[in-house]
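Q: Data file upload_5.csv (CSV, C-alpha atoms and all ligand atoms) is appended below.
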chain,number,residue,atom,x,y,z
A,92,MET,CA,-275.2,27.0,57.6
A,93,LYS,CA,-275.1,30.8,57.9
A,94,THR,CA,-278.0,32.6,59.6
A,95,ALA,CA,-279.4,35.9,58.2
A,96,LEU,CA,-281.8,38.3,59.8
A,97,ILE,CA,-283.8,40.6,57.5
A,98,THR,CA,-285.8,43.5,58.9
A,99,GLY,CA,-288.5,44.5,56.4
A,100,ILE,CA,-288.7,40.9,55.1
A,101,THR,CA,-292.4,41.4,54.1
A,102,GLY,CA,-291.5,44.2,51.6
A,103,GLN,CA,-290.5,44.0,48.0
A,104,ASP,CA,-286.8,43.6,48.6
A,105,GLY,CA,-287.2,41.5,51.7
A,106,SER,CA,-289.1,38.9,49.7
A,107,TRP,CA,-286.5,38.7,46.9
A,108,LEU,CA,-283.6,38.7,49.4
A,109,ALA,CA,-285.2,35.9,51.5
A,110,GLU,CA,-285.6,33.8,48.4
A,111,LEU,CA,-282.0,34.4,47.3
A,112,LEU,CA,-280.6,33.5,50.8
A,113,LEU,CA,-282.8,30.4,51.1
A,114,ALA,CA,-281.4,29.3,47.7
A,115,LYS,CA,-277.9,29.8,49.0
A,116,GLY,CA,-278.7,27.5,52.0
A,117,TYR,CA,-279.0,30.2,54.7
A,118,ALA,CA,-281.3,29.9,57.8
A,119,VAL,CA,-283.5,33.0,57.1
A,120,HIS,CA,-285.1,34.9,59.9
A,121,GLY,CA,-287.1,38.1,59.5
A,122,THR,CA,-288.9,40.7,61.6
A,123,VAL,CA,-292.6,41.4,61.1
A,124,ARG,CA,-294.9,44.0,62.5
A,125,ARG,CA,-298.1,43.0,64.1
A,126,THR,CA,-300.9,44.1,61.8
A,127,SER,CA,-304.7,43.4,61.9
A,128,THR,CA,-304.5,41.8,58.5
A,129,PRO,CA,-301.5,39.6,57.5
A,130,GLY,CA,-298.9,41.5,55.5
A,131,ASP,CA,-296.9,38.4,54.5
A,132,SER,CA,-298.4,37.8,51.0
A,133,ARG,CA,-295.1,38.2,49.2
A,134,LEU,CA,-293.6,35.5,51.4
A,135,LEU,CA,-296.3,32.8,51.0
A,136,PRO,CA,-294.4,30.5,48.5
A,137,PHE,CA,-291.7,30.0,51.1
A,138,LEU,CA,-293.2,31.1,54.4
A,139,ASP,CA,-292.8,27.7,56.0
A,140,ARG,CA,-289.0,28.0,55.5
A,141,LEU,CA,-288.7,31.3,57.4
A,142,VAL,CA,-288.5,32.1,61.1
A,143,LEU,CA,-290.3,35.3,61.9
A,144,HIS,CA,-289.9,37.5,65.0
A,145,PRO,CA,-292.3,40.3,66.0
A,146,ALA,CA,-290.4,43.6,66.0
A,147,ASP,CA,-290.8,47.3,65.1
A,148,MET,CA,-288.1,49.7,64.2
A,149,THR,CA,-289.5,52.2,66.7
A,150,ASP,CA,-289.1,49.6,69.5
A,151,ALA,CA,-285.5,49.0,70.6
A,152,GLY,CA,-286.4,46.1,72.9
A,153,SER,CA,-288.1,44.1,70.2
A,154,LEU,CA,-285.1,44.5,67.8
A,155,ARG,CA,-282.7,43.4,70.5
A,156,ASP,CA,-284.9,40.4,71.2
A,157,ALA,CA,-285.0,39.4,67.5
A,158,VAL,CA,-281.2,39.7,67.2
A,159,ALA,CA,-280.6,37.8,70.5
A,160,ALA,CA,-283.1,35.0,69.4
A,161,CYS,CA,-281.2,34.2,66.1
A,162,ARG,CA,-277.6,35.4,66.7
A,163,PRO,CA,-277.2,36.1,63.0
A,164,ASP,CA,-274.1,36.1,60.9
A,165,GLU,CA,-275.6,38.7,58.6
A,166,VAL,CA,-278.2,41.4,59.2
A,167,TYR,CA,-280.0,43.2,56.4
A,168,ASN,CA,-281.8,46.3,57.6
A,169,LEU,CA,-284.5,46.8,54.9
A,170,ALA,CA,-287.3,48.1,57.1
A,171,ALA,CA,-288.6,51.6,56.5
A,172,GLN,CA,-291.6,53.7,55.7
A,173,SER,CA,-290.2,53.8,52.2
A,174,HIS,CA,-292.7,56.0,50.3
A,175,VAL,CA,-291.3,59.4,49.8
A,176,GLY,CA,-294.7,61.1,49.1
A,177,THR,CA,-296.1,59.7,52.3
A,178,SER,CA,-293.0,60.9,54.2
A,179,TRP,CA,-294.2,64.5,53.7
A,180,ALA,CA,-297.5,63.5,55.5
A,181,MET,CA,-295.8,61.6,58.3
A,182,PRO,CA,-292.4,63.3,58.6
A,183,ALA,CA,-291.6,62.5,62.3
A,184,TYR,CA,-292.6,58.8,62.0
A,185,THR,CA,-290.8,58.3,58.7
A,186,THR,CA,-287.6,59.9,60.0
A,187,ASP,CA,-287.8,57.9,63.2
A,188,VAL,CA,-288.2,54.5,61.5
A,189,ALA,CA,-285.6,55.2,58.8
A,190,GLY,CA,-283.1,57.0,60.9
A,191,LEU,CA,-283.3,56.1,64.6
A,192,GLY,CA,-284.6,52.7,63.6
A,193,ALA,CA,-281.2,51.9,62.1
A,194,VAL,CA,-279.5,53.3,65.2
A,195,ARG,CA,-281.6,51.0,67.4
A,196,LEU,CA,-280.7,48.0,65.3
A,197,LEU,CA,-277.0,48.8,65.2
A,198,ASP,CA,-277.0,49.0,69.0
A,199,ALA,CA,-278.9,45.7,69.2
A,200,VAL,CA,-276.3,44.1,67.0
A,201,ARG,CA,-273.4,45.6,68.9
A,202,ALA,CA,-274.9,44.2,72.1
A,203,GLU,CA,-276.1,40.8,71.0
A,204,ALA,CA,-274.1,39.8,67.9
A,205,PRO,CA,-271.1,42.0,67.6
A,206,SER,CA,-269.4,39.9,64.9
A,207,ALA,CA,-272.4,40.0,62.6
A,208,ARG,CA,-272.1,41.8,59.3
A,209,VAL,CA,-274.7,44.5,58.7
A,210,TYR,CA,-276.2,45.8,55.5
A,211,GLN,CA,-278.1,49.1,55.6
A,212,ALA,CA,-280.6,49.8,52.9
A,213,SER,CA,-279.4,53.3,52.0
A,214,THR,CA,-280.8,55.2,49.0
A,215,CYS,CA,-280.0,57.6,46.3
A,216,GLU,CA,-282.5,59.9,47.9
A,217,ILE,CA,-279.7,61.0,50.3
A,218,PHE,CA,-278.1,62.8,47.4
A,219,GLY,CA,-281.2,64.8,46.8
A,220,THR,CA,-280.5,67.8,44.6
A,221,SER,CA,-276.8,67.1,44.2
A,222,PRO,CA,-276.2,67.0,40.4
A,223,ALA,CA,-276.5,63.8,38.5
A,224,PRO,CA,-274.8,61.3,38.0
A,225,GLN,CA,-274.4,60.5,41.7
A,226,SER,CA,-271.6,58.3,43.1
A,227,GLU,CA,-270.1,57.5,46.4
A,228,ALA,CA,-268.3,60.9,46.3
A,229,THR,CA,-271.5,62.9,45.8
A,230,PRO,CA,-272.3,65.3,48.7
A,231,LEU,CA,-275.4,64.4,50.7
A,232,ALA,CA,-278.3,66.9,50.2
A,233,PRO,CA,-281.5,65.1,51.5
A,234,ARG,CA,-284.7,67.0,50.4
A,235,ASN,CA,-287.6,65.1,52.1
A,236,PRO,CA,-288.3,63.6,55.5
A,237,TYR,CA,-287.6,60.0,54.2
A,238,ALA,CA,-284.2,61.1,52.9
A,239,VAL,CA,-283.3,62.9,56.1
A,240,GLY,CA,-283.9,59.7,58.1
A,241,LYS,CA,-281.9,57.7,55.6
A,242,ALA,CA,-279.0,60.2,55.7
A,243,ALA,CA,-278.9,59.9,59.5
A,244,ALA,CA,-278.8,56.1,59.2
A,245,TYR,CA,-276.0,56.4,56.6
A,246,HIS,CA,-273.9,58.4,59.1
A,247,ALA,CA,-274.8,56.0,62.0
A,248,VAL,CA,-273.5,53.0,60.0
A,249,ARG,CA,-270.2,54.8,59.2
A,250,ASN,CA,-269.8,55.8,62.9
A,251,HIS,CA,-270.5,52.3,64.1
A,252,ARG,CA,-268.0,50.9,61.6
A,253,ASP,CA,-265.2,53.4,62.6
A,254,ALA,CA,-265.9,53.5,66.3
A,255,TYR,CA,-266.6,49.9,67.2
A,256,GLY,CA,-265.1,48.0,64.3
A,257,LEU,CA,-268.6,46.7,63.2
A,258,PHE,CA,-268.7,45.3,59.7
A,259,ALA,CA,-271.5,47.6,58.5
A,260,VAL,CA,-272.1,48.9,55.0
A,261,ASN,CA,-274.4,51.3,53.2
A,262,GLY,CA,-275.8,50.0,50.0
A,263,ILE,CA,-276.7,53.2,48.2
A,264,LEU,CA,-279.4,51.8,45.9
A,265,PHE,CA,-281.2,53.7,43.1
A,266,ASN,CA,-284.8,52.9,42.3
A,267,HIS,CA,-285.5,49.2,41.7
A,268,GLU,CA,-288.9,47.8,40.9
A,269,SER,CA,-290.5,44.4,40.1
A,270,GLU,CA,-293.8,42.5,39.9
A,271,ARG,CA,-293.7,42.6,43.7
A,272,ARG,CA,-293.4,46.4,44.0
A,273,GLY,CA,-295.8,48.2,46.3
A,274,GLU,CA,-298.8,49.5,44.4
A,275,ARG,CA,-298.3,53.2,45.4
A,276,PHE,CA,-294.8,53.5,43.8
A,277,VAL,CA,-295.1,55.1,40.4
A,278,THR,CA,-293.9,52.1,38.2
A,279,ARG,CA,-296.3,49.6,39.8
A,280,LYS,CA,-299.1,52.2,39.9
A,281,ILE,CA,-298.7,52.5,36.2
A,282,THR,CA,-298.4,48.8,35.3
A,283,ARG,CA,-301.4,47.9,37.6
A,284,ALA,CA,-303.4,50.6,35.8
A,285,VAL,CA,-302.4,49.2,32.4
A,286,GLY,CA,-303.4,45.7,33.4
A,287,ARG,CA,-306.8,46.9,34.6
A,288,ILE,CA,-307.4,49.0,31.6
A,289,VAL,CA,-306.7,46.0,29.4
A,290,ALA,CA,-309.1,43.9,31.6
A,291,GLY,CA,-311.7,46.6,31.4
A,292,THR,CA,-311.9,47.3,35.1
A,293,GLN,CA,-310.3,50.8,35.2
A,294,GLY,CA,-310.6,53.7,32.8
A,295,SER,CA,-308.0,56.3,33.6
A,296,LEU,CA,-304.8,56.9,35.6
A,297,ALA,CA,-304.0,60.0,37.6
A,298,LEU,CA,-300.3,60.9,38.1
A,299,GLY,CA,-298.3,63.8,39.5
A,300,ASN,CA,-294.9,65.0,38.1
A,301,LEU,CA,-294.3,63.3,34.7
A,302,GLU,CA,-290.9,65.0,34.2
A,303,ALA,CA,-288.9,63.5,37.1
A,304,ARG,CA,-286.1,61.2,35.9
A,305,ARG,CA,-285.2,58.1,37.8
A,306,ASP,CA,-282.7,55.2,37.3
A,307,TRP,CA,-284.9,52.1,37.3
A,308,GLY,CA,-283.6,48.5,37.7
A,309,HIS,CA,-285.1,45.2,38.7
A,310,ALA,CA,-285.1,44.3,42.4
A,311,GLU,CA,-284.0,40.8,41.9
A,312,ASP,CA,-280.6,42.1,40.6
A,313,TYR,CA,-280.3,44.6,43.5
A,314,VAL,CA,-280.7,42.0,46.3
A,315,GLU,CA,-277.8,40.1,44.7
A,316,ALA,CA,-275.7,43.2,45.2
A,317,MET,CA,-276.8,43.4,48.9
A,318,TRP,CA,-275.5,39.9,49.5
A,319,ARG,CA,-272.3,40.5,47.6
A,320,MET,CA,-271.6,43.6,49.7
A,321,LEU,CA,-271.6,41.5,52.9
A,322,GLN,CA,-269.1,39.1,51.3
A,323,LEU,CA,-266.4,41.8,50.9
A,324,ASP,CA,-263.1,41.5,52.6
A,325,ALA,CA,-263.5,44.9,54.2
A,326,PRO,CA,-266.7,46.9,54.7
A,327,GLU,CA,-267.3,49.6,52.1
A,328,ASP,CA,-270.3,51.8,51.0
A,329,LEU,CA,-271.3,51.3,47.4
A,330,VAL,CA,-273.7,52.8,44.8
A,331,VAL,CA,-275.9,50.3,43.0
A,332,ALA,CA,-277.6,51.6,39.8
A,333,THR,CA,-278.1,50.9,36.1
A,334,GLY,CA,-276.5,54.3,35.1
A,335,VAL,CA,-279.5,55.1,32.8
A,336,SER,CA,-282.3,57.4,33.6
A,337,HIS,CA,-285.8,57.7,32.1
A,338,SER,CA,-288.6,60.1,32.9
A,339,VAL,CA,-291.9,59.1,34.5
A,340,GLN,CA,-293.5,59.9,31.1
A,341,ASP,CA,-291.0,57.5,29.4
A,342,PHE,CA,-292.2,54.7,31.7
A,343,VAL,CA,-295.8,55.6,31.1
A,344,GLU,CA,-295.3,55.5,27.3
A,345,ALA,CA,-293.4,52.2,27.4
A,346,ALA,CA,-295.9,50.5,29.7
A,347,PHE,CA,-299.0,51.5,27.7
A,348,ALA,CA,-297.3,50.7,24.4
A,349,ALA,CA,-296.3,47.2,25.8
A,350,ALA,CA,-300.1,46.5,26.1
A,351,GLY,CA,-300.9,48.1,22.7
A,352,LEU,CA,-302.5,51.2,24.3
A,353,ASP,CA,-302.0,54.9,23.7
A,354,TRP,CA,-301.2,56.5,27.1
A,355,ARG,CA,-302.7,59.9,26.0
A,356,GLU,CA,-306.2,58.4,26.0
A,357,HIS,CA,-305.9,57.3,29.7
A,358,VAL,CA,-303.5,59.4,31.7
A,359,THR,CA,-304.4,62.6,33.5
A,360,THR,CA,-302.3,64.7,35.9
A,361,ASP,CA,-303.4,65.8,39.3
A,362,PRO,CA,-301.5,68.5,41.2
A,363,ALA,CA,-302.4,66.8,44.5
A,364,LEU,CA,-300.0,64.1,43.5
A,365,VAL,CA,-297.0,66.5,43.0
A,366,ARG,CA,-294.7,66.5,46.0
A,367,PRO,CA,-293.6,69.7,47.9
A,368,ILE,CA,-290.1,69.1,46.6
A,369,ASP,CA,-289.4,66.5,43.9
A,370,ILE,CA,-285.9,65.6,42.9
A,371,PRO,CA,-285.6,66.3,39.1
A,372,GLU,CA,-283.0,63.6,38.3
A,373,LEU,CA,-281.4,60.7,40.2
A,374,VAL,CA,-279.1,58.5,38.1
A,375,GLY,CA,-276.2,56.5,39.6
A,376,ASP,CA,-272.6,55.8,38.7
A,377,ALA,CA,-272.0,52.2,39.9
A,378,SER,CA,-268.4,51.9,38.6
A,379,ARG,CA,-267.1,51.1,42.0
A,380,ALA,CA,-269.7,48.3,42.6
A,381,ARG,CA,-268.7,46.8,39.3
A,382,GLU,CA,-265.1,46.8,40.3
A,383,ARG,CA,-265.5,45.7,44.0
A,384,ILE,CA,-268.3,43.2,43.9
A,385,GLY,CA,-268.4,42.4,40.1
A,386,TRP,CA,-272.0,43.6,40.0
A,387,SER,CA,-273.9,44.9,36.9
A,388,PRO,CA,-277.6,44.8,36.2
A,389,ARG,CA,-279.1,42.0,34.1
A,390,VAL,CA,-282.5,43.5,33.5
A,391,GLY,CA,-282.7,46.7,31.5
A,392,PHE,CA,-285.5,49.3,31.3
A,393,ASP,CA,-287.5,47.7,28.4
A,394,ALA,CA,-287.4,44.2,30.0
A,395,LEU,CA,-288.4,45.6,33.4
A,396,VAL,CA,-291.4,47.3,31.9
A,397,ARG,CA,-292.4,44.3,29.9
A,398,ARG,CA,-292.1,41.9,32.9
A,399,MET,CA,-294.2,44.2,35.1
A,400,VAL,CA,-296.9,44.8,32.4
A,401,ASP,CA,-297.2,41.1,31.5
A,402,HIS,CA,-297.6,40.2,35.2
A,403,ASP,CA,-300.1,42.9,35.9
A,404,VAL,CA,-302.2,42.2,32.8
A,405,ARG,CA,-302.5,38.5,33.9
A,406,LEU,CA,-303.3,39.6,37.5
A,407,ALA,CA,-306.0,42.0,36.4
A,408,ARG,CA,-307.7,39.4,34.3
A,409,LEU,CA,-307.6,36.9,37.1
A,410,GLU,CA,-309.1,39.5,39.5
A,411,ARG,CA,-311.8,40.3,37.0
A,412,ASP,CA,-312.7,36.7,36.4
A,413,CYS,CA,-312.8,36.0,40.2
A,414,GLY,CA,-315.1,39.0,40.6
A,415,GLU,CA,-312.7,41.0,42.8
A,416,ALA,CA,-313.4,44.7,42.9
A,417,PRO,CA,-310.5,46.7,41.5
A,418,VAL,CA,-309.2,49.3,44.0
A,419,PRO,CA,-306.6,51.5,42.2
A,420,ARG,CA,-304.1,53.1,44.6
A,421,ARG,CA,-303.4,56.8,44.5
B,1,LIG,P1,-291.1,48.2,51.0
B,1,LIG,O1,-291.7,47.3,50.0
B,1,LIG,O2,-291.9,49.5,51.3
B,1,LIG,O3,-290.9,47.4,52.3
B,1,LIG,C1,-290.6,48.1,53.6
B,1,LIG,C2,-290.5,47.0,54.7
B,1,LIG,O4,-290.3,47.7,55.9
B,1,LIG,C3,-291.8,46.2,54.9
B,1,LIG,O5,-291.5,44.9,55.2
B,1,LIG,C4,-292.5,47.0,56.0
B,1,LIG,O6,-293.4,46.1,56.8
B,1,LIG,C5,-291.3,47.3,56.9
B,1,LIG,N1,-291.6,48.4,57.8
B,1,LIG,C6,-292.1,49.6,57.6
B,1,LIG,N2,-292.2,50.3,58.7
B,1,LIG,C7,-291.7,49.5,59.7
B,1,LIG,C8,-291.5,49.6,61.1
B,1,LIG,N3,-291.9,50.8,61.8
B,1,LIG,N4,-291.0,48.6,61.8
B,1,LIG,C9,-290.7,47.5,61.2
B,1,LIG,N5,-290.8,47.3,59.9
B,1,LIG,C10,-291.3,48.3,59.1
B,1,LIG,O7,-289.6,48.7,50.6
B,1,LIG,P2,-288.6,48.0,49.6
B,1,LIG,O8,-288.8,48.6,48.2
B,1,LIG,O9,-288.6,46.6,49.8
B,1,LIG,O10,-287.2,48.7,50.1
B,1,LIG,C11,-286.5,48.0,51.1
B,1,LIG,C12,-285.6,49.0,51.8
B,1,LIG,O11,-284.7,49.6,50.8
B,1,LIG,C13,-286.3,50.2,52.4
B,1,LIG,O12,-285.6,50.5,53.6
B,1,LIG,C14,-286.2,51.3,51.4
B,1,LIG,O13,-286.3,52.5,52.0
B,1,LIG,C15,-284.8,51.0,50.8
B,1,LIG,N6,-284.7,51.4,49.4
B,1,LIG,C16,-285.6,51.0,48.4
B,1,LIG,C17,-285.3,51.3,47.1
B,1,LIG,C18,-286.3,50.9,46.0
B,1,LIG,O14,-286.2,51.5,44.9
B,1,LIG,N7,-287.1,49.9,46.3
B,1,LIG,C19,-284.2,52.1,46.8
B,1,LIG,C20,-283.3,52.5,47.8
B,1,LIG,C21,-283.5,52.1,49.1
B,1,LIG,P3,-294.9,46.0,56.5
B,1,LIG,O15,-295.0,44.9,55.4
B,1,LIG,O16,-295.5,45.6,57.8
B,1,LIG,O17,-295.4,47.3,56.0
B,2,LIG,O1,-291.7,58.1,42.6
B,2,LIG,C1,-293.1,60.6,40.5
B,2,LIG,C2,-292.6,61.0,41.8
B,2,LIG,O2,-292.8,56.9,44.5
B,2,LIG,C3,-290.9,58.2,41.5
B,2,LIG,C4,-288.6,54.5,47.0
B,2,LIG,O3,-288.4,53.1,46.8
B,2,LIG,O4,-287.0,55.0,45.2
B,2,LIG,C5,-288.4,55.2,45.6
B,2,LIG,O5,-288.7,56.6,45.8
B,2,LIG,C6,-291.1,59.5,40.8
B,2,LIG,C7,-291.1,60.7,41.7
B,2,LIG,O6,-290.4,56.5,44.0
B,2,LIG,C8,-296.6,59.8,40.8
B,2,LIG,O7,-292.9,62.4,42.1
B,2,LIG,C9,-295.4,61.0,39.5
B,2,LIG,O8,-290.4,61.8,41.0
B,2,LIG,O9,-292.1,55.6,42.5
B,2,LIG,P1,-291.8,56.7,43.4
B,2,LIG,P2,-289.3,57.4,44.6
B,2,LIG,O10,-289.9,58.6,45.3
B,2,LIG,O11,-288.2,57.7,43.6
B,2,LIG,C10,-286.1,55.6,46.2
B,2,LIG,C11,-284.7,55.3,45.6
B,2,LIG,C12,-286.3,55.1,47.5
B,2,LIG,O12,-285.3,55.0,48.3
B,2,LIG,C13,-287.7,55.0,48.0
B,2,LIG,O13,-287.8,54.2,49.2
B,2,LIG,O14,-292.4,59.4,40.2
B,2,LIG,N1,-294.5,60.5,40.4
B,2,LIG,N2,-296.6,60.7,39.7
B,2,LIG,C14,-295.3,59.7,41.2
B,2,LIG,N3,-294.9,58.9,42.2
B,2,LIG,C15,-295.9,58.2,42.8
B,2,LIG,N4,-295.6,57.4,43.9
B,2,LIG,N5,-297.2,58.3,42.5
B,2,LIG,C16,-297.6,59.1,41.4
B,2,LIG,O15,-298.8,59.2,41.1
Any chance you could give the structure as structure tokens?
Ligand code: NAP
Ligand code: F7E
A:
Amino acid sequence: MKTALITGITGQDGSWLAELLLAKGYAVHGTVRRTSTPGDSRLLPFLDRLVLHPADMTDAGSLRDAVAACRPDEVYNLAAQSHVGTSWAMPAYTTDVAGLGAVRLLDAVRAEAPSARVYQASTCEIFGTSPAPQSEATPLAPRNPYAVGKAAAYHAVRNHRDAYGLFAVNGILFNHESERRGERFVTRKITRAVGRIVAGTQGSLALGNLEARRDWGHAEDYVEAMWRMLQLDAPEDLVVATGVSHSVQDFVEAAFAAAGLDWREHVTTDPALVRPIDIPELVGDASRARERIGWSPRVGFDALVRRMVDHDVRLARLERDCGEAPVPRR
């Protein structure tokens, strides 16, 4: 039985990856932050099959203890303050967690489990304003504090690979969403609003830049790519994307239409939600991933929107019927 350690196991991708690895027969360990209210709701269906270790990406000792406690075969570094908008409000913290956090983890692996394979959750955000479509050959041009931290982590992974022979890879993933997506990312913010509008518990939805174009896939497909990257014969950085971009407005139109609503009657724009710099278009060329790990997405844009809307309409009706107060996220 192989052992995997997932940092950020409580997040969207962490929960999908934990489920995938459990199904493959792994012993799955994860790091969790101490919080005043439990943050493990995404893990509840299989919580009793996980081993959780207290750790924070800002605390090198806790990461080293977690690695030493489970001596993993595979380490997936998914932990980050991953909201780009928030990274402008918390630049030092975000850059620390995403950048130095990865360095601390790599050092912990080198010290405690040097033969472990390491997956780093890199992101298309490192390409910033470099022209689309972006591939492994695209120059890095990070344009927000989150991306600056992730670009530092990207280079740290490559240095650890070349200097110490660590099997470490950057999965350069484009946007991926799901029914488990955090409610302040735009897709889930939209589908949660659609659900509540259908249930009669929300009237309108305020958004920022509707023109930005992103390459949206389903997270369940993307965690499969993470696992496949760690099964390669030799470590290699790969772009994972659908290759198709849509605007935020396209997503809004599709989500409202899926529930039989006209988005123009409900959506407003608020300049306070527009970022100081917003990347106009991120769309990936995943040809190399297709060739090296045989990966291609199974869930396309329309199916993604439909799955999220259906889920969030059901959820909003349940909340209404249980008398839970709706709290839309900005
Ligand atoms: P997410 O839902 O925001 O989850 C982030 C995880 O990181 C959570 O478990 C969170 O714990 C943990 N975390 C945050 N700050 C931490 C800290 N200081 N110390 C320890 N843990 C901390 O993100 P996601 O969508 O699953 O993404 C997973 C990873 O892939 C992230 O690194 C993200 O930057 C990267 N990525 C995501 C996408 C995407 O489209 N989803 C694309 C490319 C790359 P709490 O539950 O305690 O907050
Ligand atoms: O924004 C625009 C916003 O916050 C998408 C993270 O997982 O993917 C994610 O980062 C677009 C941007 O995701 C609102 O300005 C308009 O252009 O859903 P998002 P993101 O910034 O692309 C990358 C690959 C990651 O690595 C990140 O970790 O939508 N937008 N109006 C809005 N965005 C939000 N959040 N809220 C709005 O009201």
Q: Please provide the set of residues having any atom within 10 Å of Val209 of chain A, restricted to all atoms listed in the file, with same-chain residues fewer than 2 positions apart removed, written as a list in words.
A: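 Listed by chain and then number, they are Ala95, Leu96, Ile97, Pro163, Asp164, Glu165, Val166, Tyr167, Asn168, Leu196, Leu197, Val200, Pro205, Ser206, Ala207, Gln211, Ala212, Val248, Arg252, Leu257, Phe258, Ala259, Val260, Asn261, Met320, Leu321 and Pro326 of chain A.
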Q: Contacts between ligand LIG 2 (chain B) and chain A, please, where a residue of chain A counts if it comes within 6 Å (with all atoms listed in the file); show its shortest atom pair and distance in Å to one decimal, rows by chain and ascending number, as CSV.
A:
residue,atom,partner,partner_atom,distance
A:Ser173,CA,B:LIG2,O13,3.9
A:His174,CA,B:LIG2,O13,5.3
A:Val175,CA,B:LIG2,O10,4.8
A:Thr214,CA,B:LIG2,O12,4.6
A:Cys215,CA,B:LIG2,C11,5.3
A:Glu216,CA,B:LIG2,C11,5.6
A:Phe265,CA,B:LIG2,C11,4.6
A:Asn266,CA,B:LIG2,C11,4.1
A:Arg275,CA,B:LIG2,N4,5.2
A:Phe276,CA,B:LIG2,O9,3.7
A:Val277,CA,B:LIG2,O9,3.7
A:Thr278,CA,B:LIG2,O9,5.8
A:Leu298,CA,B:LIG2,O15,3.8
A:Gly299,CA,B:LIG2,N2,3.5
A:Asn300,CA,B:LIG2,C9,4.3
A:Leu301,CA,B:LIG2,C9,5.4
A:Ala303,CA,B:LIG2,O8,4.5
A:Val339,CA,B:LIG2,O14,5.7
A:Leu364,CA,B:LIG2,O15,5.6
A:Val365,CA,B:LIG2,O7,5.9
A:Arg366,CA,B:LIG2,O7,5.9
A:Asp369,CA,B:LIG2,O8,5.6
Q: Write as a PyMOL selection string the residues around ligand LIG 1 (chain B), taking 6 Å as the cut-off and counting only C-alpha atoms and all ligand atoms.
A: chain A and resi 99-105+124+130+147-149+169-173+188+212-214+264-267+273
Q: Go ahead and write the selection's residues with C-alpha atoms as an mmCIF file, keeping the file's coordinate frame.
A:
data_model
loop_
_atom_site.group_PDB
_atom_site.id
_atom_site.type_symbol
_atom_site.label_atom_id
_atom_site.label_comp_id
_atom_site.auth_asym_id
_atom_site.auth_seq_id
_atom_site.Cartn_x
_atom_site.Cartn_y
_atom_site.Cartn_z
ATOM 1 C CA GLY A 99 -288.500 44.500 56.400
ATOM 2 C CA ILE A 100 -288.700 40.900 55.100
ATOM 3 C CA THR A 101 -292.400 41.400 54.100
ATOM 4 C CA GLY A 102 -291.500 44.200 51.600
ATOM 5 C CA GLN A 103 -290.500 44.000 48.000
ATOM 6 C CA ASP A 104 -286.800 43.600 48.600
ATOM 7 C CA GLY A 105 -287.200 41.500 51.700
ATOM 8 C CA ARG A 124 -294.900 44.000 62.500
ATOM 9 C CA GLY A 130 -298.900 41.500 55.500
ATOM 10 C CA ASP A 147 -290.800 47.300 65.100
ATOM 11 C CA MET A 148 -288.100 49.700 64.200
ATOM 12 C CA THR A 149 -289.500 52.200 66.700
ATOM 13 C CA LEU A 169 -284.500 46.800 54.900
ATOM 14 C CA ALA A 170 -287.300 48.100 57.100
ATOM 15 C CA ALA A 171 -288.600 51.600 56.500
ATOM 16 C CA GLN A 172 -291.600 53.700 55.700
ATOM 17 C CA SER A 173 -290.200 53.800 52.200
ATOM 18 C CA VAL A 188 -288.200 54.500 61.500
ATOM 19 C CA ALA A 212 -280.600 49.800 52.900
ATOM 20 C CA SER A 213 -279.400 53.300 52.000
ATOM 21 C CA THR A 214 -280.800 55.200 49.000
ATOM 22 C CA LEU A 264 -279.400 51.800 45.900
ATOM 23 C CA PHE A 265 -281.200 53.700 43.100
ATOM 24 C CA ASN A 266 -284.800 52.900 42.300
ATOM 25 C CA HIS A 267 -285.500 49.200 41.700
ATOM 26 C CA GLY A 273 -295.800 48.200 46.300
#
Q: Between A:Ala160, A:Val343, A:Ser106, A:Ile368, which one has atoms that come closest to Arg234 of chain A, using all atoms listed in the file?
A: A:Ile368
Q: Out of A:Gly190, A:Arg381, A:Arg397, A:Gly176, which residue has the shortest atom-to-atom distance to Ala363 of chain A when counting only C-alpha atoms?
A: A:Gly176
Q: Would you kindly return, as a compact mmCIF listing (two decimals) with C-alpha atoms, in the coordinates of the input, each protein, DNA or RNA residue with an atom no farther than 8 Å from any atom of Ala297 of chain A, considering all atoms listed in the file and excluding same-chain residues fewer than 6 positions away?
A:
# COMPACT_ATOMS: atom_id res chain seq x y z
CA VAL A 358 -303.50 59.40 31.70
CA THR A 359 -304.40 62.60 33.50
CA THR A 360 -302.30 64.70 35.90
CA ASP A 361 -303.40 65.80 39.30
CA ARG A 421 -303.40 56.80 44.50
Q: What gap, in Å, lies between atom CA of Arg271 of chain A and atom CA of Asp312 of chain A?
A: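 Separating atom CA of Arg271 of chain A from atom CA of Asp312 of chain A is a distance of 13.5 Å.
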Q: Just how far from atom CA of Glu315 of chain A is atom CA of Lys115 of chain A, in Å to one decimal?
A: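 Between atom CA of Lys115 of chain A and atom CA of Glu315 of chain A the gap works out to 11.2 Å.
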Q: To one decimal place in Å, what is the distance between atom CA of Ser226 of chain A and atom CA of Trp107 of chain A?
A: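 Between these atoms lies a distance of 24.9 Å.
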Q: For Pro222 of chain A, find every residue with an atom within 12 Å (counting all atoms listed in the file), except residues of its own chain fewer than 6 positions away, and show them as JSON, numbers by chain.
A: {"A": [215, 228, 229, 230, 231, 232, 370, 371, 372, 373, 374, 375, 376]}
Q: Tell me which residues come within 12 Å of (-290.4, 29.7, 54.5), as a ChimeraX atom specification, counting all atoms listed in the file in the file's coordinates.
A: /A:100-101,106,109-110,112-114,117-121,131-143
Q: Which neighbours of segment 404-409 of chain A fall inside 12 Å, counting all atoms listed in the file, when residues of the same chain fewer than 6 positions from it are skipped, and could you give them as a PyMOL selection string?
A: chain A and resi 270-271+279+281-293+346-347+349-351+396-398+415-419
